[in-house]
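Okay, run34.csv now, which holds CSV, N, CA and C atoms and all ligand atoms:
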```csv
chain,number,residue,atom,x,y,z
A,1,MET,N,110.7,136.6,131.7
A,1,MET,CA,110.4,135.2,132.3
A,1,MET,C,109.1,135.2,132.9
A,2,GLY,N,108.2,134.5,132.4
A,2,GLY,CA,106.8,134.5,133.0
A,2,GLY,C,106.6,133.2,133.8
A,3,GLY,N,106.0,133.4,134.9
A,3,GLY,CA,105.7,132.2,135.8
A,3,GLY,C,104.6,131.4,135.3
A,4,VAL,N,103.7,132.0,134.4
A,4,VAL,CA,102.6,131.3,133.9
A,4,VAL,C,102.8,130.6,132.6
A,5,ARG,N,102.6,129.4,132.5
A,5,ARG,CA,102.8,128.7,131.2
A,5,ARG,C,101.5,128.5,130.5
A,6,LYS,N,101.5,128.5,129.2
A,6,LYS,CA,100.2,128.3,128.5
A,6,LYS,C,100.1,126.8,128.3
A,7,THR,N,99.3,126.2,129.2
A,7,THR,CA,99.2,124.7,129.2
A,7,THR,C,98.5,124.3,128.0
A,8,SER,N,97.6,125.1,127.5
A,8,SER,CA,96.9,124.7,126.3
A,8,SER,C,97.8,124.6,125.1
A,9,ALA,N,98.8,125.5,125.0
A,9,ALA,CA,99.8,125.4,123.9
A,9,ALA,C,100.6,124.2,124.1
A,10,ALA,N,101.0,123.9,125.3
A,10,ALA,CA,101.8,122.7,125.6
A,10,ALA,C,101.1,121.4,125.2
A,11,ASP,N,99.8,121.4,125.5
A,11,ASP,CA,99.0,120.2,125.1
A,11,ASP,C,99.0,120.0,123.6
A,12,THR,N,98.7,121.1,122.9
A,12,THR,CA,98.7,121.1,121.5
A,12,THR,C,100.0,120.6,120.9
A,13,THR,N,101.1,121.1,121.4
A,13,THR,CA,102.4,120.7,120.9
A,13,THR,C,102.6,119.2,121.2
A,14,GLU,N,102.2,118.7,122.4
A,14,GLU,CA,102.4,117.3,122.7
A,14,GLU,C,101.5,116.4,121.8
A,15,ALA,N,100.3,116.9,121.6
A,15,ALA,CA,99.4,116.1,120.8
A,15,ALA,C,99.9,116.0,119.3
A,16,GLY,N,100.4,117.2,118.9
A,16,GLY,CA,100.9,117.3,117.5
A,16,GLY,C,102.1,116.4,117.4
A,17,ALA,N,103.0,116.4,118.4
A,17,ALA,CA,104.2,115.6,118.3
A,17,ALA,C,103.8,114.1,118.3
A,18,LYS,N,102.8,113.7,119.0
A,18,LYS,CA,102.4,112.3,119.1
A,18,LYS,C,101.9,111.9,117.7
A,19,HIS,N,101.1,112.9,117.1
A,19,HIS,CA,100.4,112.5,115.9
A,19,HIS,C,101.4,112.4,114.7
A,20,HIS,N,102.4,113.3,114.7
A,20,HIS,CA,103.3,113.3,113.6
A,20,HIS,C,104.6,112.6,114.0
A,21,GLY,N,104.7,112.0,115.1
A,21,GLY,CA,105.9,111.3,115.6
A,21,GLY,C,106.3,110.2,114.7
A,22,PRO,N,107.6,109.8,114.7
A,22,PRO,CA,108.1,108.7,113.9
A,22,PRO,C,107.4,107.3,114.3
A,23,HIS,N,107.0,107.2,115.5
A,23,HIS,CA,106.4,106.0,116.0
A,23,HIS,C,104.9,106.1,116.0
A,24,GLY,N,104.3,106.5,114.9
A,24,GLY,CA,102.9,106.6,114.8
A,24,GLY,C,102.2,105.2,114.7
A,25,PRO,N,100.9,105.2,114.6
A,25,PRO,CA,100.2,104.0,114.6
A,25,PRO,C,100.5,103.2,113.3
A,26,SER,N,100.9,103.9,112.2
A,26,SER,CA,101.1,103.2,111.0
A,26,SER,C,102.6,103.3,110.6
A,27,ASP,N,103.4,102.6,111.5
A,27,ASP,CA,104.9,102.6,111.2
A,27,ASP,C,105.2,101.3,110.4
A,28,THR,N,104.2,100.6,109.9
A,28,THR,CA,104.4,99.4,109.1
A,28,THR,C,103.6,99.7,107.8
A,29,PRO,N,104.2,100.4,106.9
A,29,PRO,CA,103.4,100.8,105.6
A,29,PRO,C,103.1,99.6,104.7
A,30,ARG,N,103.9,98.5,104.9
A,30,ARG,CA,103.7,97.4,104.0
A,30,ARG,C,102.3,96.7,104.2
A,31,SER,N,102.0,96.4,105.5
A,31,SER,CA,100.8,95.7,105.7
A,31,SER,C,100.0,96.5,106.8
A,32,PRO,N,99.0,97.2,106.5
A,32,PRO,CA,98.2,97.9,107.5
A,32,PRO,C,97.5,97.0,108.5
A,33,ILE,N,97.1,95.8,108.0
A,33,ILE,CA,96.5,94.8,108.9
A,33,ILE,C,97.6,93.8,109.2
A,34,SER,N,97.7,93.5,110.5
A,34,SER,CA,98.7,92.5,110.9
A,34,SER,C,98.2,91.1,110.7
A,35,LEU,N,98.9,90.4,109.7
A,35,LEU,CA,98.5,89.1,109.3
A,35,LEU,C,99.5,88.1,109.7
A,36,PRO,N,99.1,86.9,110.0
A,36,PRO,CA,100.1,85.9,110.3
A,36,PRO,C,100.9,85.5,109.0
A,37,ASP,N,102.1,84.9,109.2
A,37,ASP,CA,102.9,84.5,108.1
A,37,ASP,C,102.3,83.3,107.3
A,38,VAL,N,101.6,82.5,108.1
A,38,VAL,CA,100.9,81.4,107.4
A,38,VAL,C,99.4,81.4,107.6
A,39,VAL,N,98.7,80.9,106.6
A,39,VAL,CA,97.3,80.9,106.6
A,39,VAL,C,96.8,79.5,106.4
A,40,ARG,N,95.7,79.1,107.2
A,40,ARG,CA,95.2,77.8,107.0
A,40,ARG,C,94.1,77.8,105.9
A,41,CYS,N,94.3,77.0,104.9
A,41,CYS,CA,93.3,76.9,103.9
A,41,CYS,C,92.1,76.2,104.4
A,42,PRO,N,90.9,76.7,104.3
A,42,PRO,CA,89.7,76.1,104.8
A,42,PRO,C,89.3,74.8,104.1
A,43,ARG,N,89.9,74.7,102.9
A,43,ARG,CA,89.5,73.6,102.1
A,43,ARG,C,90.3,72.3,102.3
A,44,CYS,N,91.6,72.5,102.2
A,44,CYS,CA,92.5,71.3,102.4
A,44,CYS,C,93.1,71.3,103.8
A,45,ARG,N,92.7,72.4,104.6
A,45,ARG,CA,93.1,72.5,106.0
A,45,ARG,C,94.6,72.4,106.2
A,46,GLU,N,95.4,72.9,105.3
A,46,GLU,CA,96.8,72.9,105.4
A,46,GLU,C,97.3,74.3,105.7
A,47,LEU,N,98.3,74.4,106.6
A,47,LEU,CA,98.9,75.7,106.8
A,47,LEU,C,99.8,76.0,105.7
A,48,LYS,N,99.6,77.1,105.1
A,48,LYS,CA,100.5,77.5,103.9
A,48,LYS,C,100.9,78.9,104.1
A,49,ALA,N,102.1,79.2,103.5
A,49,ALA,CA,102.6,80.5,103.6
A,49,ALA,C,101.8,81.4,102.7
A,50,ARG,N,101.9,82.7,102.9
A,50,ARG,CA,101.1,83.7,102.1
A,50,ARG,C,101.4,83.5,100.6
A,51,ASP,N,102.6,83.0,100.3
A,51,ASP,CA,103.0,82.8,99.0
A,51,ASP,C,102.1,81.7,98.3
A,52,GLY,N,101.5,80.9,99.1
A,52,GLY,CA,100.7,79.8,98.5
A,52,GLY,C,99.2,80.2,98.2
A,53,PHE,N,99.0,81.5,98.4
A,53,PHE,CA,97.6,82.0,98.1
A,53,PHE,C,97.7,83.1,97.0
A,54,TYR,N,96.7,83.1,96.2
A,54,TYR,CA,96.6,84.1,95.2
A,54,TYR,C,96.1,85.4,95.8
A,55,PRO,N,96.6,86.6,95.4
A,55,PRO,CA,96.2,87.8,95.9
A,55,PRO,C,94.8,88.2,95.4
A,56,ASP,N,94.0,88.7,96.3
A,56,ASP,CA,92.6,89.1,96.0
A,56,ASP,C,92.3,90.4,96.6
A,57,ARG,N,92.2,91.5,95.8
A,57,ARG,CA,92.0,92.8,96.4
A,57,ARG,C,90.6,93.0,97.0
A,58,SER,N,89.7,92.1,96.6
A,58,SER,CA,88.3,92.3,97.2
A,58,SER,C,88.3,91.8,98.6
A,59,LYS,N,89.3,91.0,99.0
A,59,LYS,CA,89.3,90.4,100.4
A,59,LYS,C,90.0,91.4,101.3
A,60,ALA,N,89.5,91.4,102.5
A,60,ALA,CA,90.1,92.3,103.5
A,60,ALA,C,91.6,91.9,103.8
A,61,SER,N,91.9,90.7,103.7
A,61,SER,CA,93.2,90.2,103.9
A,61,SER,C,94.1,90.5,102.7
A,62,GLY,N,93.5,90.7,101.6
A,62,GLY,CA,94.3,90.9,100.4
A,62,GLY,C,94.6,89.6,99.6
A,63,PHE,N,94.2,88.5,100.2
A,63,PHE,CA,94.5,87.2,99.6
A,63,PHE,C,93.2,86.4,99.6
A,64,LYS,N,93.2,85.5,98.6
A,64,LYS,CA,92.1,84.6,98.5
A,64,LYS,C,92.1,83.7,99.8
A,65,SER,N,90.9,83.2,100.1
A,65,SER,CA,90.8,82.4,101.3
A,65,SER,C,91.3,80.9,101.0
A,66,LEU,N,91.1,80.5,99.8
A,66,LEU,CA,91.6,79.2,99.4
A,66,LEU,C,93.0,79.3,98.9
A,67,CYS,N,93.8,78.2,99.1
A,67,CYS,CA,95.1,78.2,98.6
A,67,CYS,C,95.2,78.1,97.1
A,68,LYS,N,96.3,78.2,96.5
A,68,LYS,CA,96.4,78.2,95.1
A,68,LYS,C,95.9,76.8,94.5
A,69,GLU,N,96.4,75.8,95.2
A,69,GLU,CA,96.0,74.4,94.7
A,69,GLU,C,94.5,74.2,94.8
A,70,CYS,N,93.9,74.6,95.9
A,70,CYS,CA,92.4,74.5,96.0
A,70,CYS,C,91.7,75.4,95.0
A,71,ASP,N,92.2,76.6,94.8
A,71,ASP,CA,91.6,77.6,93.9
A,71,ASP,C,91.7,77.1,92.5
A,72,LYS,N,92.8,76.4,92.1
A,72,LYS,CA,92.9,75.9,90.8
A,72,LYS,C,91.9,74.7,90.7
A,73,ALA,N,91.9,73.9,91.7
A,73,ALA,CA,91.0,72.7,91.7
A,73,ALA,C,89.5,73.2,91.5
A,74,LYS,N,89.2,74.3,92.2
A,74,LYS,CA,87.8,74.8,92.2
A,74,LYS,C,87.5,75.4,90.8
A,75,ALA,N,88.5,76.1,90.2
A,75,ALA,CA,88.4,76.7,88.9
A,75,ALA,C,88.2,75.6,87.8
A,76,ARG,N,89.0,74.5,88.0
A,76,ARG,CA,88.9,73.4,87.1
A,76,ARG,C,87.6,72.7,87.1
A,77,ARG,N,87.1,72.5,88.4
A,77,ARG,CA,85.8,71.9,88.5
A,77,ARG,C,84.7,72.8,88.0
A,78,TYR,N,84.8,74.0,88.2
A,78,TYR,CA,83.8,75.0,87.7
A,78,TYR,C,83.8,74.9,86.1
A,79,TYR,N,85.0,74.9,85.6
A,79,TYR,CA,85.1,74.9,84.1
A,79,TYR,C,84.5,73.6,83.6
A,80,GLU,N,84.8,72.4,84.2
A,80,GLU,CA,84.2,71.2,83.8
A,80,GLU,C,82.7,71.2,83.9
A,81,GLN,N,82.2,71.8,85.0
A,81,GLN,CA,80.8,71.8,85.2
A,81,GLN,C,80.1,72.7,84.1
A,82,SER,N,80.7,73.8,83.8
A,82,SER,CA,80.1,74.7,82.8
A,82,SER,C,80.2,74.1,81.4
A,83,LYS,N,81.3,73.3,81.2
A,83,LYS,CA,81.4,72.6,79.9
A,83,LYS,C,80.4,71.5,79.8
A,84,ALA,N,80.2,70.8,80.9
A,84,ALA,CA,79.2,69.7,80.9
A,84,ALA,C,77.8,70.3,80.7
A,85,ALA,N,77.5,71.5,81.3
A,85,ALA,CA,76.2,72.1,81.2
A,85,ALA,C,75.9,72.6,79.8
A,86,ALA,N,77.0,73.0,79.1
A,86,ALA,CA,76.8,73.6,77.8
A,86,ALA,C,76.4,72.5,76.8
B,101,ZN,ZN,93.9,74.4,100.0
```
Write out the structure in this file as structure tokens.
Ligand SMILES: [Zn+2]
Amino acid sequence: MGGVRKTSAADTTEAGAKHHGPHGPSDTPRSPISLPDVVRCPRCRELKARDGFYPDRSKASGFKSLCKECDKAKARRYYEQSKAAA
């Protein structure tokens, strides 16, 4: 029985336990970024569920900023413009 404890070893153990603990910083593997359930479309200014947005991997949020309806309208307009230009 030793009266002297290795505090350094205790610190390491504690830090390791924290790091590998079940309640780590990433206990929500589904969405690393906490996003609201609804997103406001900047174009039609409507609050829509994430379901109303197309996924976009290039965005930080993982979804397009415009809702599906606005994205479709934009695509249609772009298509008509390109058609008219041709
Ligand atoms: Zn919209």
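Taking atom C of Glu46 of chain A and atom CA of Gln81 of chain A as endpoints, the distance between them is 26.4 Å.
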Around ligand ZN 101 (chain B), out to 5 Å and counting all atoms listed in the file, which residues are there? I want them as a ChimeraX atom specification.
/A:41,43-44,67,70
Just give me the residues with any atom within 6.5 Å of (100.8, 78.1, 110.0), file coordinates, counting all atoms listed in the file, written as a ChimeraX atom specification.
/A:37-40,47-48
Expressed in Å, the length from atom C of Asp56 of chain A to atom N of Asp71 of chain A is 13.9 Å
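Atom C of Arg50 of chain A is positioned 9.3 Å from atom C of Lys64 of chain A.
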Which of these residues is nearest to Ser65 of chain A, using all atoms listed in the file: A:Pro42, A:Gly3, A:Gly52, A:Ser82?
A:Pro42
